[in-house]
>>> print(open('structure39.cif').read())   # mmCIF, C-alpha atoms
data_work
loop_
_atom_site.label_atom_id
_atom_site.label_comp_id
_atom_site.auth_asym_id
_atom_site.auth_seq_id
_atom_site.Cartn_x
_atom_site.Cartn_y
_atom_site.Cartn_z
CA MET O 1 -136.98 -19.88 21.55
CA ALA O 2 -135.32 -19.56 18.17
CA ARG O 3 -136.26 -22.09 15.53
CA PHE O 4 -134.48 -22.97 12.34
CA ALA O 5 -136.44 -21.95 9.32
CA GLY O 6 -136.08 -24.08 6.26
CA GLY O 7 -139.46 -24.24 4.67
CA ASP O 8 -138.16 -23.21 1.27
CA ASN O 9 -135.06 -23.43 -0.87
CA ARG O 10 -134.33 -19.71 -1.19
CA GLY O 11 -130.61 -19.15 -1.36
CA THR O 12 -129.70 -22.76 -2.05
CA GLU O 13 -129.99 -22.56 -5.83
CA GLN O 14 -126.68 -20.65 -5.98
CA LEU O 15 -124.75 -23.18 -3.89
CA VAL O 16 -122.43 -25.36 -5.96
CA PRO O 17 -122.17 -29.03 -4.88
CA GLY O 18 -118.68 -30.03 -3.75
CA THR O 19 -117.77 -26.48 -2.77
CA PRO O 20 -117.01 -25.48 0.83
CA TYR O 21 -118.69 -22.32 2.10
CA LEU O 22 -117.88 -20.21 5.14
CA VAL O 23 -120.88 -18.39 6.58
CA MET O 24 -119.81 -15.65 8.96
CA GLU O 25 -122.49 -15.01 11.58
CA SER O 26 -122.56 -14.61 15.35
CA LYS O 27 -125.24 -17.32 15.69
CA PRO O 28 -125.60 -19.97 12.96
CA TYR O 29 -129.22 -19.23 12.00
CA LEU O 30 -128.63 -18.66 8.29
CA SER O 31 -126.32 -21.69 8.17
CA TYR O 32 -128.93 -23.99 9.69
CA THR O 33 -131.66 -22.50 7.49
CA LEU O 34 -129.65 -23.29 4.36
CA PHE O 35 -128.75 -26.72 5.77
CA GLN O 36 -132.39 -27.58 6.43
CA SER O 37 -133.40 -26.41 2.94
CA ILE O 38 -130.80 -28.67 1.35
CA LEU O 39 -131.95 -31.61 3.47
CA LYS O 40 -135.53 -31.03 2.34
CA ALA O 41 -134.29 -31.15 -1.26
CA GLY O 42 -133.21 -34.76 -0.66
CA ARG O 43 -129.60 -34.60 0.52
CA GLU O 44 -128.25 -36.57 3.48
CA GLY O 45 -126.78 -34.45 6.26
CA LEU O 46 -123.99 -34.46 8.80
CA VAL O 47 -123.60 -31.85 11.54
CA ILE O 48 -120.49 -31.44 13.66
CA SER O 49 -121.28 -28.79 16.24
CA ARG O 50 -120.29 -27.21 19.54
CA GLN O 51 -123.97 -27.29 20.47
CA HIS O 52 -125.25 -30.38 22.24
CA PRO O 53 -127.20 -32.67 19.84
CA ALA O 54 -130.30 -32.52 22.08
CA LYS O 55 -130.32 -28.72 21.73
CA LEU O 56 -130.03 -29.00 17.94
CA ARG O 57 -132.96 -31.41 17.86
CA GLU O 58 -135.03 -28.98 19.97
CA LEU O 59 -134.32 -26.32 17.37
CA GLY O 60 -135.65 -28.41 14.50
CA LEU O 61 -133.01 -30.94 13.46
CA SER O 62 -135.02 -33.91 14.70
CA SER O 63 -135.96 -35.88 11.59
CA LYS O 64 -132.71 -35.20 9.78
CA PRO O 65 -129.70 -35.03 9.58
CA ASN O 66 -128.65 -38.62 9.60
CA GLU O 67 -125.78 -37.89 11.95
CA ILE O 68 -124.97 -35.26 14.57
CA TYR O 69 -121.59 -35.18 16.31
CA TRP O 70 -120.76 -32.99 19.26
CA LEU O 71 -117.37 -31.22 19.53
CA SER O 72 -116.83 -31.84 23.21
CA LYS O 73 -114.34 -32.93 25.82
CA SER O 74 -117.00 -35.22 27.26
CA PRO O 75 -116.67 -38.89 26.29
CA GLY O 76 -119.32 -40.41 24.03
CA ASP O 77 -119.72 -42.39 20.84
CA ARG O 78 -121.08 -39.34 18.96
CA ASN O 79 -118.57 -36.93 20.47
CA ILE O 80 -115.34 -35.72 18.88
CA GLU O 81 -112.56 -34.09 20.88
CA ALA O 82 -111.73 -30.69 19.34
CA THR O 83 -108.02 -31.52 19.28
CA ASP O 84 -108.72 -34.72 17.29
CA ILE O 85 -108.46 -33.18 13.81
CA GLY O 86 -107.88 -36.66 12.38
CA GLY O 87 -111.17 -37.78 13.97
CA VAL O 88 -113.02 -34.83 12.43
CA LEU O 89 -111.50 -35.62 9.02
CA LYS O 90 -112.35 -39.33 9.33
CA CYS O 91 -115.92 -38.59 10.41
CA ILE O 92 -116.58 -36.25 7.48
CA SER O 93 -114.76 -38.37 4.89
CA SER O 94 -116.57 -41.52 5.99
CA PHE O 95 -119.94 -39.79 5.81
CA ILE O 96 -119.26 -38.40 2.33
CA ASP O 97 -118.08 -41.83 1.13
CA ARG O 98 -121.37 -43.39 2.30
CA HIS O 99 -123.62 -40.56 1.09
CA HIS O 100 -122.60 -39.14 -2.28
CA LYS O 101 -125.45 -36.61 -2.31
CA SER O 102 -124.77 -35.03 1.03
CA ILE O 103 -124.15 -31.84 2.92
CA VAL O 104 -121.82 -31.36 5.88
CA MET O 105 -122.19 -28.54 8.37
CA LEU O 106 -119.24 -27.76 10.60
CA ASP O 107 -120.56 -25.47 13.34
CA GLY O 108 -117.49 -25.07 15.49
CA PHE O 109 -114.82 -23.68 13.20
CA LYS O 110 -113.70 -21.09 15.75
CA TYR O 111 -113.54 -23.73 18.51
CA LEU O 112 -111.38 -25.94 16.31
CA MET O 113 -109.07 -22.99 15.57
CA VAL O 114 -108.70 -22.14 19.26
CA ASN O 115 -107.77 -25.75 20.05
CA ASN O 116 -105.57 -26.46 17.02
CA GLY O 117 -104.49 -23.20 15.41
CA PHE O 118 -105.61 -21.61 12.17
CA ASP O 119 -103.09 -23.41 9.93
CA THR O 120 -104.13 -26.86 11.15
CA VAL O 121 -107.84 -26.18 10.62
CA LEU O 122 -107.15 -24.62 7.21
CA ARG O 123 -105.29 -27.80 6.21
CA LEU O 124 -108.31 -29.83 7.35
CA ILE O 125 -110.61 -27.81 5.09
CA GLN O 126 -108.14 -28.09 2.20
CA ARG O 127 -107.93 -31.88 2.60
CA LEU O 128 -111.69 -32.15 2.63
CA ASN O 129 -111.90 -30.02 -0.50
CA ASP O 130 -109.42 -32.23 -2.41
#
>>> encode(input="structure39.cif", output="structure tokens")
Amino acid sequence: MARFAGGDNRGTEQLVPGTPYLVMESKPYLSYTLFQSILKAGREGLVISRQHPAKLRELGLSSKPNEIYWLSKSPGDRNIEATDIGGVLKCISSFIDRHHKSIVMLDGFKYLMVNNGFDTVLRLIQRLND
């Protein structure tokens, strides 16, 4: 079983707060490693993912982040429908408003693009960056 590393901060010293990053990888191992390192440095975390939250917790996201949301068509209070771009925006914006020193990981960019189109998802990222 794969586990998320995150025992050190290697690679995080070059990340600029307030800047969105796109990590291109077939499986999000580097992304979660960086995420975990930033959490260990004292940031609050939000994950929005295509992977079920229980699976993420099995892989090492049990003590943090504060919030995990699942991009899913299944109903649930911690689920967001992929076509609900406004819901994704509201979830992220609300989290950032409550936690000024935070990190947000969106693990489902491709899924959002398939369900909404590239332009719509690009506008979402631009709005979040403003």
>>> closest_residue(input="structure39.cif", among="O:Ile92, O:Val114, O:Gly108, O:Arg127", to="Met24 (chain O)", atoms="all atoms listed in the file")
O:Gly108
>>> resolve_selection(input="structure39.cif", expression="the PyMOL selection byres ((chain O and resi 86) around 12)", output="compact mmCIF listing (two decimals) with C-alpha atoms, keeping the file's coordinate frame")
# COMPACT_ATOMS: atom_id res chain seq x y z
CA ILE O 80 -115.34 -35.72 18.88
CA GLU O 81 -112.56 -34.09 20.88
CA ALA O 82 -111.73 -30.69 19.34
CA THR O 83 -108.02 -31.52 19.28
CA ASP O 84 -108.72 -34.72 17.29
CA ILE O 85 -108.46 -33.18 13.81
CA GLY O 87 -111.17 -37.78 13.97
CA VAL O 88 -113.02 -34.83 12.43
CA LEU O 89 -111.50 -35.62 9.02
CA LYS O 90 -112.35 -39.33 9.33
CA CYS O 91 -115.92 -38.59 10.41
CA ILE O 92 -116.58 -36.25 7.48
CA SER O 93 -114.76 -38.37 4.89
CA SER O 94 -116.57 -41.52 5.99
CA LEU O 112 -111.38 -25.94 16.31
CA ASN O 116 -105.57 -26.46 17.02
CA THR O 120 -104.13 -26.86 11.15
CA VAL O 121 -107.84 -26.18 10.62
CA ARG O 123 -105.29 -27.80 6.21
CA LEU O 124 -108.31 -29.83 7.35
CA ILE O 125 -110.61 -27.81 5.09
CA ARG O 127 -107.93 -31.88 2.60
CA LEU O 128 -111.69 -32.15 2.63
>>> resolve_selection(input="structure39.cif", expression="the PyMOL selection byres ((chain O and resi 43) around 7)", output="number ranges by chain")
O: 38-39, 41-42, 44-45, 101-103
>>> closest_residue(input="structure39.cif", among="O:Ser31, O:Gln14, O:Val47, O:Leu61", to="Val104 (chain O)", atoms="all atoms listed in the file")
O:Val47
>>> axis_aligned_box(input="structure39.cif", around="region 20-32 of chain O", padding_each_side="3 Å", output="AutoDock Vina command-line options")
--center_x -123.1 --center_y -20.0 --center_z 8.3 --size_x 18.2 --size_y 16.9 --size_z 20.9
>>> resolve_selection(input="structure39.cif", expression="the PyMOL selection byres ((chain O and resi 48-58) around 9)", output="PDB file with C-alpha atoms, in the frame of the given file")
ATOM      1  CA  ARG O   3    -136.260 -22.090  15.530  1.00  0.00           C
ATOM      2  CA  LEU O  46    -123.990 -34.460   8.800  1.00  0.00           C
ATOM      3  CA  VAL O  47    -123.600 -31.850  11.540  1.00  0.00           C
ATOM      4  CA  LEU O  59    -134.320 -26.320  17.370  1.00  0.00           C
ATOM      5  CA  GLY O  60    -135.650 -28.410  14.500  1.00  0.00           C
ATOM      6  CA  LEU O  61    -133.010 -30.940  13.460  1.00  0.00           C
ATOM      7  CA  SER O  62    -135.020 -33.910  14.700  1.00  0.00           C
ATOM      8  CA  SER O  63    -135.960 -35.880  11.590  1.00  0.00           C
ATOM      9  CA  LYS O  64    -132.710 -35.200   9.780  1.00  0.00           C
ATOM     10  CA  GLU O  67    -125.780 -37.890  11.950  1.00  0.00           C
ATOM     11  CA  ILE O  68    -124.970 -35.260  14.570  1.00  0.00           C
ATOM     12  CA  TYR O  69    -121.590 -35.180  16.310  1.00  0.00           C
ATOM     13  CA  TRP O  70    -120.760 -32.990  19.260  1.00  0.00           C
ATOM     14  CA  LEU O  71    -117.370 -31.220  19.530  1.00  0.00           C
ATOM     15  CA  SER O  72    -116.830 -31.840  23.210  1.00  0.00           C
ATOM     16  CA  ASN O  79    -118.570 -36.930  20.470  1.00  0.00           C
ATOM     17  CA  ILE O  80    -115.340 -35.720  18.880  1.00  0.00           C
ATOM     18  CA  VAL O  88    -113.020 -34.830  12.430  1.00  0.00           C
ATOM     19  CA  ILE O  92    -116.580 -36.250   7.480  1.00  0.00           C
ATOM     20  CA  VAL O 104    -121.820 -31.360   5.880  1.00  0.00           C
ATOM     21  CA  MET O 105    -122.190 -28.540   8.370  1.00  0.00           C
ATOM     22  CA  LEU O 106    -119.240 -27.760  10.600  1.00  0.00           C
ATOM     23  CA  ASP O 107    -120.560 -25.470  13.340  1.00  0.00           C
ATOM     24  CA  GLY O 108    -117.490 -25.070  15.490  1.00  0.00           C
ATOM     25  CA  PHE O 109    -114.820 -23.680  13.200  1.00  0.00           C
ATOM     26  CA  TYR O 111    -113.540 -23.730  18.510  1.00  0.00           C
TER      27      TYR O 111
END
>>> atom_distance(input="structure39.cif", atom1="CA of His100 (chain O)", atom2="CA of Pro17 (chain O)")
10.4 Å
>>> atom_distance(input="structure39.cif", atom1="CA of Lys27 (chain O)", atom2="CA of Asn115 (chain O)")
19.9 Å
>>> atom_distance(input="structure39.cif", atom1="CA of Val23 (chain O)", atom2="CA of Lys110 (chain O)")
12.0 Å
>>> closest_residue(input="structure39.cif", among="O:Leu22, O:Asn129, O:Leu30, O:Leu15", to="Ile96 (chain O)", atoms="only C-alpha atoms")
O:Asn129
